[in-house]
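Student: Sharing structure-v9.txt below, compact mmCIF, C-alpha atoms:
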```txt
# COMPACT_ATOMS: atom_id res chain seq x y z
CA MET F 1 -45.71 156.40 58.32
CA ALA F 2 -46.38 160.16 58.20
CA ALA F 3 -49.96 161.29 58.62
CA THR F 4 -51.81 162.29 55.47
CA ALA F 5 -54.99 164.17 54.60
CA THR F 6 -57.25 164.60 51.61
CA ASN F 7 -56.55 167.81 49.70
CA ARG F 8 -59.13 169.26 47.30
CA ARG F 9 -58.02 172.00 44.90
CA VAL F 10 -59.70 174.69 42.79
CA ILE F 11 -57.94 175.26 39.46
CA LEU F 12 -58.39 177.66 36.55
CA LYS F 13 -59.26 175.51 33.53
CA ASP F 14 -58.35 178.07 30.83
CA TYR F 15 -57.84 181.77 30.29
CA VAL F 16 -61.01 183.87 30.38
CA GLU F 17 -62.35 186.48 27.97
CA GLY F 18 -65.30 188.57 29.04
CA TYR F 19 -67.21 187.71 32.19
CA PRO F 20 -65.85 184.65 34.03
CA ARG F 21 -68.22 181.77 34.76
CA GLU F 22 -68.09 179.03 37.35
CA GLU F 23 -67.20 176.50 34.64
CA HIS F 24 -63.94 178.38 34.02
CA MET F 25 -62.85 176.85 37.32
CA GLU F 26 -62.95 173.29 38.59
CA LEU F 27 -62.87 171.68 42.02
CA LEU F 28 -60.60 168.66 41.75
CA PRO F 29 -61.31 165.68 44.02
CA GLY F 30 -59.00 165.21 46.92
CA ALA F 31 -55.61 163.55 46.71
CA GLU F 32 -53.72 162.32 49.74
CA VAL F 33 -50.99 164.72 50.87
CA PRO F 34 -48.53 164.39 53.78
CA LEU F 35 -49.02 166.63 56.78
CA ARG F 36 -45.29 167.23 57.04
CA LEU F 37 -42.98 169.04 54.66
CA ALA F 38 -41.17 166.67 52.33
CA GLY F 39 -37.40 166.83 52.12
CA ASP F 40 -37.47 168.19 48.56
CA LYS F 41 -39.22 171.42 49.57
CA PRO F 42 -36.91 174.48 49.53
CA PRO F 43 -35.80 176.05 52.82
CA GLY F 44 -38.29 178.61 54.03
CA SER F 45 -41.35 176.60 52.97
CA VAL F 46 -44.51 176.44 55.09
CA LEU F 47 -47.29 173.82 55.13
CA VAL F 48 -50.65 175.31 56.14
CA ARG F 49 -54.25 174.25 56.68
CA ASN F 50 -56.38 176.89 54.97
CA LEU F 51 -59.22 178.28 57.06
CA TYR F 52 -60.56 181.27 55.09
CA LEU F 53 -60.03 182.36 51.48
CA SER F 54 -60.53 185.89 50.23
CA CYS F 55 -62.38 186.72 46.99
CA ASP F 56 -61.05 189.98 45.54
CA PRO F 57 -61.61 191.94 42.31
CA TYR F 58 -57.88 191.99 41.48
CA MET F 59 -58.14 188.24 40.84
CA ARG F 60 -60.17 188.80 37.65
CA PRO F 61 -57.27 190.22 35.54
CA LYS F 62 -55.15 187.28 36.71
CA MET F 63 -57.62 184.96 34.94
CA SER F 64 -56.87 186.52 31.53
CA ARG F 65 -54.14 185.63 29.08
CA PRO F 66 -51.14 187.84 29.99
CA LEU F 67 -50.86 190.29 27.08
CA ARG F 68 -49.06 193.12 28.84
CA GLU F 69 -46.93 193.73 31.90
CA SER F 70 -48.82 193.76 35.18
CA TYR F 71 -47.93 194.12 38.83
CA THR F 72 -49.17 190.57 39.49
CA ALA F 73 -48.64 187.40 37.46
CA ALA F 74 -51.55 185.70 35.71
CA PHE F 75 -52.88 182.40 36.96
CA VAL F 76 -51.65 179.32 35.08
CA PRO F 77 -54.41 177.16 33.55
CA GLY F 78 -54.44 173.75 35.20
CA SER F 79 -52.85 175.08 38.38
CA VAL F 80 -54.34 175.99 41.73
CA ILE F 81 -55.80 179.47 42.02
CA THR F 82 -54.01 181.58 44.62
CA GLY F 83 -55.11 184.53 46.71
CA TYR F 84 -55.18 186.00 50.18
CA GLY F 85 -56.32 183.81 53.03
CA VAL F 86 -56.03 182.86 56.69
CA ALA F 87 -54.41 179.57 57.67
CA ARG F 88 -52.79 177.62 60.50
CA VAL F 89 -49.21 176.44 60.16
CA LEU F 90 -48.77 172.64 60.34
CA ASP F 91 -45.06 172.45 59.49
CA SER F 92 -42.43 175.04 58.67
CA SER F 93 -38.82 175.48 57.64
CA ASP F 94 -39.26 179.26 57.78
CA PRO F 95 -37.62 180.51 61.01
CA ARG F 96 -40.32 183.18 61.39
CA LEU F 97 -43.15 180.66 61.64
CA ALA F 98 -43.77 177.58 63.80
CA PRO F 99 -46.41 174.83 63.82
CA GLY F 100 -49.56 176.15 65.44
CA ASP F 101 -49.08 179.75 64.30
CA LEU F 102 -51.97 181.51 62.62
CA VAL F 103 -51.03 183.44 59.50
CA TRP F 104 -52.61 185.60 56.79
CA GLY F 105 -51.25 186.19 53.32
CA ILE F 106 -51.03 184.50 49.93
CA THR F 107 -52.08 180.85 49.86
CA GLY F 108 -53.79 178.37 47.53
CA TRP F 109 -57.46 177.66 46.90
CA GLU F 110 -57.20 174.20 48.42
CA ASP F 111 -57.54 172.51 51.78
CA TYR F 112 -53.79 172.38 52.41
CA SER F 113 -51.03 174.45 50.80
CA VAL F 114 -47.27 174.34 50.74
CA VAL F 115 -46.22 177.98 50.48
CA ARG F 116 -42.72 178.32 49.08
CA PRO F 117 -40.26 181.23 48.86
CA PRO F 118 -40.60 183.97 47.74
CA THR F 119 -44.35 183.77 48.46
CA THR F 120 -43.68 182.96 52.13
CA ALA F 121 -42.58 186.58 52.50
CA PHE F 122 -46.27 187.47 52.12
CA LEU F 123 -47.29 185.29 55.10
CA ALA F 124 -47.69 187.36 58.25
CA LYS F 125 -48.10 185.90 61.72
CA ILE F 126 -51.35 186.85 63.45
CA SER F 127 -50.38 188.12 66.88
CA HIS F 128 -53.45 190.08 68.03
CA HIS F 129 -56.32 187.69 67.42
CA GLY F 130 -57.94 188.09 70.85
CA GLY F 131 -61.47 189.43 70.59
CA VAL F 132 -61.33 189.73 66.80
CA PRO F 133 -62.76 187.19 64.32
CA LEU F 134 -60.06 185.34 62.38
CA SER F 135 -61.96 186.06 59.19
CA TYR F 136 -61.19 189.77 59.61
CA TYR F 137 -57.66 189.04 58.41
CA THR F 138 -59.12 188.55 54.92
CA GLY F 139 -60.61 192.03 55.19
CA ILE F 140 -60.40 194.87 57.66
CA LEU F 141 -57.19 193.45 59.22
CA GLY F 142 -55.80 192.16 55.93
CA MET F 143 -55.09 193.42 52.43
CA PRO F 144 -58.37 195.37 51.99
CA GLY F 145 -57.90 197.16 55.30
CA LEU F 146 -54.36 198.29 54.55
CA THR F 147 -55.48 199.25 51.03
CA ALA F 148 -58.21 201.53 52.43
CA TYR F 149 -55.82 203.05 54.97
CA VAL F 150 -53.01 203.75 52.51
CA GLY F 151 -55.25 205.08 49.77
CA PHE F 152 -57.20 207.39 52.02
CA HIS F 153 -54.74 208.53 54.69
CA GLU F 154 -51.38 208.32 52.91
CA ILE F 155 -52.30 209.21 49.32
CA CYS F 156 -55.34 211.45 49.74
CA ALA F 157 -54.16 213.10 53.00
CA PRO F 158 -57.65 214.20 54.13
CA LYS F 159 -58.44 217.37 56.03
CA ALA F 160 -61.44 217.79 58.31
CA GLY F 161 -64.41 219.27 56.49
CA GLU F 162 -63.45 217.96 53.03
CA ALA F 163 -65.95 216.24 50.74
CA VAL F 164 -65.21 212.58 49.96
CA PHE F 165 -66.79 210.27 47.38
CA VAL F 166 -66.33 206.48 47.40
CA SER F 167 -67.47 204.24 44.54
CA ALA F 168 -68.24 200.54 45.11
CA ALA F 169 -68.70 201.77 48.66
CA SER F 170 -70.25 198.66 50.22
CA GLY F 171 -67.37 196.36 49.23
CA ALA F 172 -64.40 195.16 51.25
CA VAL F 173 -62.42 198.39 50.80
CA GLY F 174 -65.12 200.98 50.21
CA GLN F 175 -67.00 200.34 53.46
CA LEU F 176 -63.79 201.10 55.35
CA VAL F 177 -62.83 204.21 53.39
CA GLY F 178 -66.22 205.72 54.18
CA GLN F 179 -65.81 205.10 57.89
CA PHE F 180 -62.20 206.33 57.89
CA ALA F 181 -63.44 209.53 56.21
CA ARG F 182 -66.10 210.04 58.86
CA LEU F 183 -63.50 209.55 61.61
CA ALA F 184 -61.32 212.16 59.89
CA GLY F 185 -64.14 214.70 60.08
CA CYS F 186 -65.01 214.60 56.38
CA ARG F 187 -68.40 214.52 54.70
CA VAL F 188 -68.61 211.22 52.79
CA VAL F 189 -70.99 209.96 50.10
CA GLY F 190 -70.92 206.50 48.54
CA SER F 191 -72.38 204.75 45.53
CA ALA F 192 -73.50 201.12 45.36
CA GLY F 193 -75.59 198.90 43.11
CA SER F 194 -78.75 198.09 45.08
CA ALA F 195 -81.21 199.66 47.51
CA GLU F 196 -80.05 197.19 50.18
CA LYS F 197 -76.44 198.30 49.81
CA VAL F 198 -77.36 202.00 49.81
CA GLU F 199 -79.27 201.50 53.05
CA LEU F 200 -76.26 199.70 54.52
CA LEU F 201 -74.01 202.65 53.68
CA ARG F 202 -76.31 205.08 55.42
CA THR F 203 -77.35 203.08 58.47
CA ARG F 204 -74.46 200.73 59.25
CA PHE F 205 -71.38 202.50 57.93
CA GLY F 206 -72.37 206.08 58.68
CA PHE F 207 -72.07 207.58 55.20
CA HIS F 208 -73.72 211.00 55.14
CA ASP F 209 -75.43 210.16 51.86
CA ALA F 210 -75.46 207.40 49.24
CA PHE F 211 -77.06 206.58 45.89
CA ASN F 212 -77.72 203.59 43.65
CA TYR F 213 -75.74 204.26 40.48
CA LYS F 214 -77.97 201.87 38.51
CA GLU F 215 -80.91 204.20 39.08
CA GLU F 216 -79.08 207.35 37.94
CA PRO F 217 -79.38 208.07 34.20
CA ASP F 218 -76.86 210.92 34.56
CA LEU F 219 -74.01 210.15 36.96
CA ALA F 220 -72.54 213.64 36.70
CA ALA F 221 -75.90 215.14 37.73
CA ALA F 222 -76.17 212.69 40.63
CA LEU F 223 -72.77 213.79 41.87
CA ARG F 224 -73.69 217.49 41.50
CA ARG F 225 -76.76 216.79 43.63
CA CYS F 226 -74.66 215.14 46.35
CA PHE F 227 -71.74 217.55 46.09
CA PRO F 228 -73.04 221.01 45.11
CA GLU F 229 -69.65 222.53 45.97
CA GLY F 230 -67.60 219.72 44.42
CA ILE F 231 -65.52 216.73 45.54
CA ASP F 232 -62.16 217.05 47.32
CA ILE F 233 -61.28 213.35 47.49
CA TYR F 234 -62.39 210.47 45.29
CA PHE F 235 -61.54 206.89 46.23
CA GLU F 236 -61.73 205.11 42.86
CA ASN F 237 -62.81 201.48 42.70
CA VAL F 238 -64.83 201.46 39.48
CA GLY F 239 -63.44 203.42 36.52
CA GLY F 240 -65.26 204.02 33.23
CA ALA F 241 -68.34 206.25 33.24
CA MET F 242 -68.11 206.85 36.99
CA LEU F 243 -64.58 208.22 36.73
CA ASP F 244 -65.62 210.47 33.85
CA ALA F 245 -68.50 211.88 35.91
CA VAL F 246 -66.30 212.40 38.96
CA LEU F 247 -63.69 214.36 37.00
CA LEU F 248 -66.38 216.91 36.06
CA ASN F 249 -67.27 217.31 39.74
CA MET F 250 -63.84 217.51 41.38
CA ARG F 251 -62.76 220.71 43.10
CA ALA F 252 -59.46 222.38 42.30
CA HIS F 253 -56.48 220.59 43.87
CA GLY F 254 -58.55 217.48 44.57
CA ARG F 255 -57.00 214.04 45.03
CA ILE F 256 -58.00 210.74 43.46
CA ALA F 257 -56.64 207.44 44.80
CA VAL F 258 -57.04 204.78 42.09
CA CYS F 259 -57.50 201.47 43.90
CA GLY F 260 -59.31 199.48 41.20
CA LEU F 261 -61.34 199.64 37.98
CA ILE F 262 -63.84 196.82 38.43
CA SER F 263 -66.18 198.06 35.68
CA GLN F 264 -63.44 197.40 33.12
CA TYR F 265 -62.08 194.01 34.19
CA ASN F 266 -64.51 191.90 32.18
CA LEU F 267 -64.37 193.96 28.98
CA LYS F 268 -62.24 193.10 25.98
CA ASP F 269 -59.78 195.75 24.85
CA GLY F 270 -62.10 197.11 22.15
CA GLU F 271 -64.98 197.38 24.62
CA LYS F 272 -63.25 199.32 27.40
CA ASP F 273 -64.70 202.73 28.26
CA ALA F 274 -62.75 205.76 27.14
CA VAL F 275 -62.16 208.42 29.80
CA ARG F 276 -63.14 211.65 28.03
CA ASN F 277 -62.75 214.24 30.75
CA LEU F 278 -59.04 213.92 31.52
CA SER F 279 -58.58 217.60 30.67
CA ALA F 280 -60.09 218.25 34.11
CA VAL F 281 -56.90 216.84 35.66
CA VAL F 282 -55.00 219.81 34.20
CA ALA F 283 -57.69 222.47 34.52
CA LYS F 284 -58.39 221.62 38.17
CA ARG F 285 -54.77 220.70 39.05
CA LEU F 286 -55.86 217.29 40.29
CA ARG F 287 -53.58 214.58 41.66
CA LEU F 288 -54.57 211.13 40.39
CA GLN F 289 -52.45 208.29 41.76
CA GLY F 290 -52.69 204.55 41.35
CA PHE F 291 -51.36 202.30 44.09
CA ILE F 292 -51.16 198.68 45.20
CA GLU F 293 -51.10 197.31 48.73
CA PRO F 294 -47.85 195.27 48.49
CA ASP F 295 -45.83 198.49 48.07
CA HIS F 296 -46.96 199.60 51.51
CA LYS F 297 -46.53 196.48 53.67
CA HIS F 298 -44.15 198.42 55.93
CA LEU F 299 -47.14 200.48 57.12
CA TYR F 300 -49.11 197.47 58.35
CA PRO F 301 -47.93 197.63 62.02
CA LYS F 302 -48.92 201.31 62.12
CA TYR F 303 -52.29 200.53 60.57
CA GLU F 304 -52.98 197.55 62.81
CA ALA F 305 -52.20 199.55 65.96
CA TRP F 306 -54.50 202.34 64.77
CA VAL F 307 -57.45 200.21 63.67
CA LEU F 308 -57.66 197.50 66.36
CA PRO F 309 -59.01 199.77 69.12
CA TYR F 310 -61.74 201.02 66.75
CA ILE F 311 -62.72 197.43 65.94
CA ARG F 312 -62.77 196.31 69.56
CA ASP F 313 -64.82 199.25 70.84
CA GLY F 314 -67.32 199.01 67.99
CA THR F 315 -66.48 202.35 66.38
CA LEU F 316 -65.86 200.59 63.07
CA ALA F 317 -68.40 198.20 61.57
CA TYR F 318 -67.40 195.49 59.11
CA VAL F 319 -69.82 193.40 57.07
CA GLU F 320 -68.80 190.03 55.63
CA ASP F 321 -70.49 187.79 53.07
CA VAL F 322 -69.30 184.29 53.97
CA ALA F 323 -69.65 181.34 51.57
CA GLU F 324 -69.36 177.92 53.17
CA GLY F 325 -66.92 175.29 51.89
CA LEU F 326 -64.17 175.19 49.29
CA GLU F 327 -66.69 173.96 46.73
CA SER F 328 -68.48 177.33 46.95
CA ALA F 329 -65.37 179.37 46.09
CA PRO F 330 -65.91 179.65 42.28
CA ARG F 331 -69.48 180.91 42.68
CA ALA F 332 -68.41 183.34 45.41
CA LEU F 333 -65.68 184.84 43.22
CA ILE F 334 -67.96 185.16 40.18
CA GLY F 335 -70.54 186.89 42.34
CA LEU F 336 -68.22 189.87 42.85
CA PHE F 337 -68.58 190.81 39.19
CA HIS F 338 -72.37 190.66 39.29
CA GLY F 339 -72.83 192.52 42.58
CA ARG F 340 -74.20 189.50 44.44
CA ASN F 341 -72.06 190.00 47.53
CA VAL F 342 -73.03 192.31 50.37
CA GLY F 343 -69.83 193.35 52.12
CA LYS F 344 -66.51 191.53 52.07
CA GLN F 345 -66.75 188.24 50.15
CA LEU F 346 -64.85 185.33 51.64
CA VAL F 347 -65.00 181.53 51.81
CA ARG F 348 -64.82 179.49 55.01
CA VAL F 349 -62.83 176.34 54.19
CA ALA F 350 -62.51 174.91 57.70
CA ASP F 351 -62.99 175.86 61.31
CA ASP F 352 -59.83 176.50 63.26
CA ALA F 353 -60.61 173.43 65.38
CA GLU F 354 -60.14 171.33 62.24
CA ALA F 355 -56.78 172.86 61.35
CA GLY F 356 -54.76 169.97 62.65
CA ALA F 357 -57.00 167.35 61.12
```
Using structure tokens, write down the structure that the file contains.
Tutor:
Amino acid sequence: MAATATNRRVILKDYVEGYPREEHMELLPGAEVPLRLAGDKPPGSVLVRNLYLSCDPYMRPKMSRPLRESYTAAFVPGSVITGYGVARVLDSSDPRLAPGDLVWGITGWEDYSVVRPPTTAFLAKISHHGGVPLSYYTGILGMPGLTAYVGFHEICAPKAGEAVFVSAASGAVGQLVGQFARLAGCRVVGSAGSAEKVELLRTRFGFHDAFNYKEEPDLAAALRRCFPEGIDIYFENVGGAMLDAVLLNMRAHGRIAVCGLISQYNLKDGEKDAVRNLSAVVAKRLRLQGFIEPDHKHLYPKYEAWVLPYIRDGTLAYVEDVAEGLESAPRALIGLFHGRNVGKQLVRVADDAEAGA
């Protein structure tokens, strides 16, 4: 008889309006699952033991009823939540992957997942793990890292001496953009939502300045204080009032990489903030470009080769906020939208030593 294991799952119970709560999700008790692929699974399937799960802001729109076209499909109520993670392969009919391989990519919020085509295309083998924590493949060596690299280096094309502003700067992506800007010889300022996070930006990540946006009654004035000569590059993670204030402070021919709009994700359509200063895009000849990481997967080898030496020699710092156990995943995800996390939020499901269990 084939070996089996108990598989717990986190599902979305129903579509969400407004701020999500833990009770919108449910941890289902474990059911016995085989530790080998069944014969009815399509060719190219992979069975994995999940080790780390990533909590990311883009997951919030996926919890809403799909009312318009999006680049990523909504979650299905009653089904397992999916997202980026790190896992060990237990069985595979994908010729790229063999039992024992470590992978990062899209997986399920459960102990064990069968990843089927076409999603298996988003599983990447981890080949350079030596000296680097596996958890980094949910962050600096995963989707957030490539997002920061593409948005800053490929879209914004920085020049030494330019002025860079990063919103949500202590998060998974923002903390990297700030450090990439410093390495590029730019002056970088970040915003965050607590004194602790502002201190982290200045002392750990090397931002030249930082401010707590919650303590600034006039965001445009705060930006004028930090950037008396204007902003050349804005890495946008927030949207709403922050974007409006930034537009007033951009220099001519500035570039804005739109990575996310976290301030808007929990608002209903009638509540979303209007952007009133879009005329600045014309007057200042700004380039404002949205982007998503999956369009740039071909750049990952280039990024990995560039970033690994900086990680290994300590040039780049990376802060993680690790929740323990699959049962903690709903609370960890909800915390993103209330600013509870400090650094990259992830969930440790199992130690690698348990991956074959």
Student: Can you tell me which residues surround F:Gly18 at a distance of at most 8 Å, considering all atoms listed in the file, apart from same-chain residues fewer than 6 positions away, and format the answer as a list of chain:residue names?
Tutor: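 Once the nearby chain positions are removed, what remains is F:Asn266, F:Leu267, F:Lys268.
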Student: Find the residue from F:Ala121, F:Leu134, F:Met59, F:Ala317 that sits nearest to F:Thr203; use all atoms listed in the file when measuring.
Tutor: F:Ala317
Student: Around the point (-37.9, 182.6, 48.4), in the coordinates given by the file, pick out the residues reaching within 9 Å, counting all atoms listed in the file, and return them as a list of chain:residue names.
Tutor: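 Those residues lying close to the given coordinates are F:Pro42, F:Pro43, F:Gly44, F:Ser45, F:Arg116, F:Pro117, F:Pro118, F:Thr119, F:Thr120, F:Ala121.
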Student: From the list F:Gln264, F:Thr82, F:Thr107, F:Ser54, which residue is nearest F:Gly142 when using all atoms listed in the file?
Tutor: F:Ser54
Student: Using only C-alpha atoms, what residues lie at most 10 Å away from (-53.2, 184.3, 28.4) (file coordinates), given as a compact mmCIF listing (two decimals) with C-alpha atoms, keeping the file's coordinate frame?
Tutor:
```txt
# COMPACT_ATOMS: atom_id res chain seq x y z
CA ASP F 14 -58.35 178.07 30.83
CA TYR F 15 -57.84 181.77 30.29
CA VAL F 16 -61.01 183.87 30.38
CA GLU F 17 -62.35 186.48 27.97
CA LYS F 62 -55.15 187.28 36.71
CA MET F 63 -57.62 184.96 34.94
CA SER F 64 -56.87 186.52 31.53
CA ARG F 65 -54.14 185.63 29.08
CA PRO F 66 -51.14 187.84 29.99
CA LEU F 67 -50.86 190.29 27.08
CA ARG F 68 -49.06 193.12 28.84
CA ALA F 74 -51.55 185.70 35.71
CA PHE F 75 -52.88 182.40 36.96
CA VAL F 76 -51.65 179.32 35.08
CA PRO F 77 -54.41 177.16 33.55
```
Student: Expressed in Å to a single decimal, how great is the separation between atom CA of F:Arg312 and atom CA of F:Val103?
Tutor: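 According to the coordinates, atom CA of F:Arg312 and atom CA of F:Val103 are separated by 20.1 Å.
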Student: Got a sec: who's within 10 Å of F:Met242, counting only C-alpha atoms, leaving out chain neighbours fewer than 4 positions off, as a list of chain:residue names?
Tutor: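 Listing them by chain and then by number gives F:Ser167, F:Ser191, F:Tyr213, F:Asp218, F:Leu219, F:Ala220, F:Leu223, F:Glu236, F:Asn237, F:Val238, F:Val246, F:Leu247, F:Leu261, F:Ser263, F:Val275.
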Student: For F:Glu320, which residue among F:Lys344, F:Arg88, F:Arg182, F:Lys41 is the nearest when counting all atoms listed in the file?
Tutor: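 Going through F:Lys344, F:Arg88, F:Arg182, F:Lys41 one by one, the smallest distance to F:Glu320 is for F:Lys344.
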Student: Find the residues around F:Arg276 up to 12 Å (all atoms listed in the file counted), leave out those fewer than 5 positions away in its own chain, and share them as a list in words.
Tutor: Gly239, Gly240, Ala241, Met242, Leu243, Asp244, Ala245, Val246, Leu247, Leu248 and Val281 of chain F
Student: Atom CA of F:Asp232 to atom CA of F:Pro309: how many Å, to one decimal?
Tutor: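 Between atom CA of F:Asp232 and atom CA of F:Pro309 the gap works out to 28.0 Å.
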Student: Which residue out of F:Gly206, F:Gly325, F:Gly100, F:Gly190 has the minimum interatomic distance to F:Leu53 when only C-alpha atoms are used?
Tutor: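 The closest residue to F:Leu53 is F:Gly325.
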Student: Please, what distance in Å, to one decimal, runs between atom CA of F:Ser113 and atom CA of F:Gly130?
Tutor: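 Computed distance, atom CA of F:Ser113 to atom CA of F:Gly130, equals 25.2 Å.
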Student: Out of F:Cys226, F:Val258, F:Leu201, F:Ala160, which residue has the shortest atom-to-atom distance to F:Gly178 when counting all atoms listed in the file?
Tutor: F:Leu201
Student: Using only C-alpha atoms, can you tell me which of F:Cys259, F:Ala98, F:Val347, F:Val132 comes closest to F:Asp313?
Tutor: F:Val132
Student: Excluding stretch 148-150 of chain F and residues on its chain fewer than 5 positions from it, collect all residues at most 7 Å away from it, counting only C-alpha atoms, and give them as a ChimeraX atom specification.
Tutor: /F:155,173,176-177
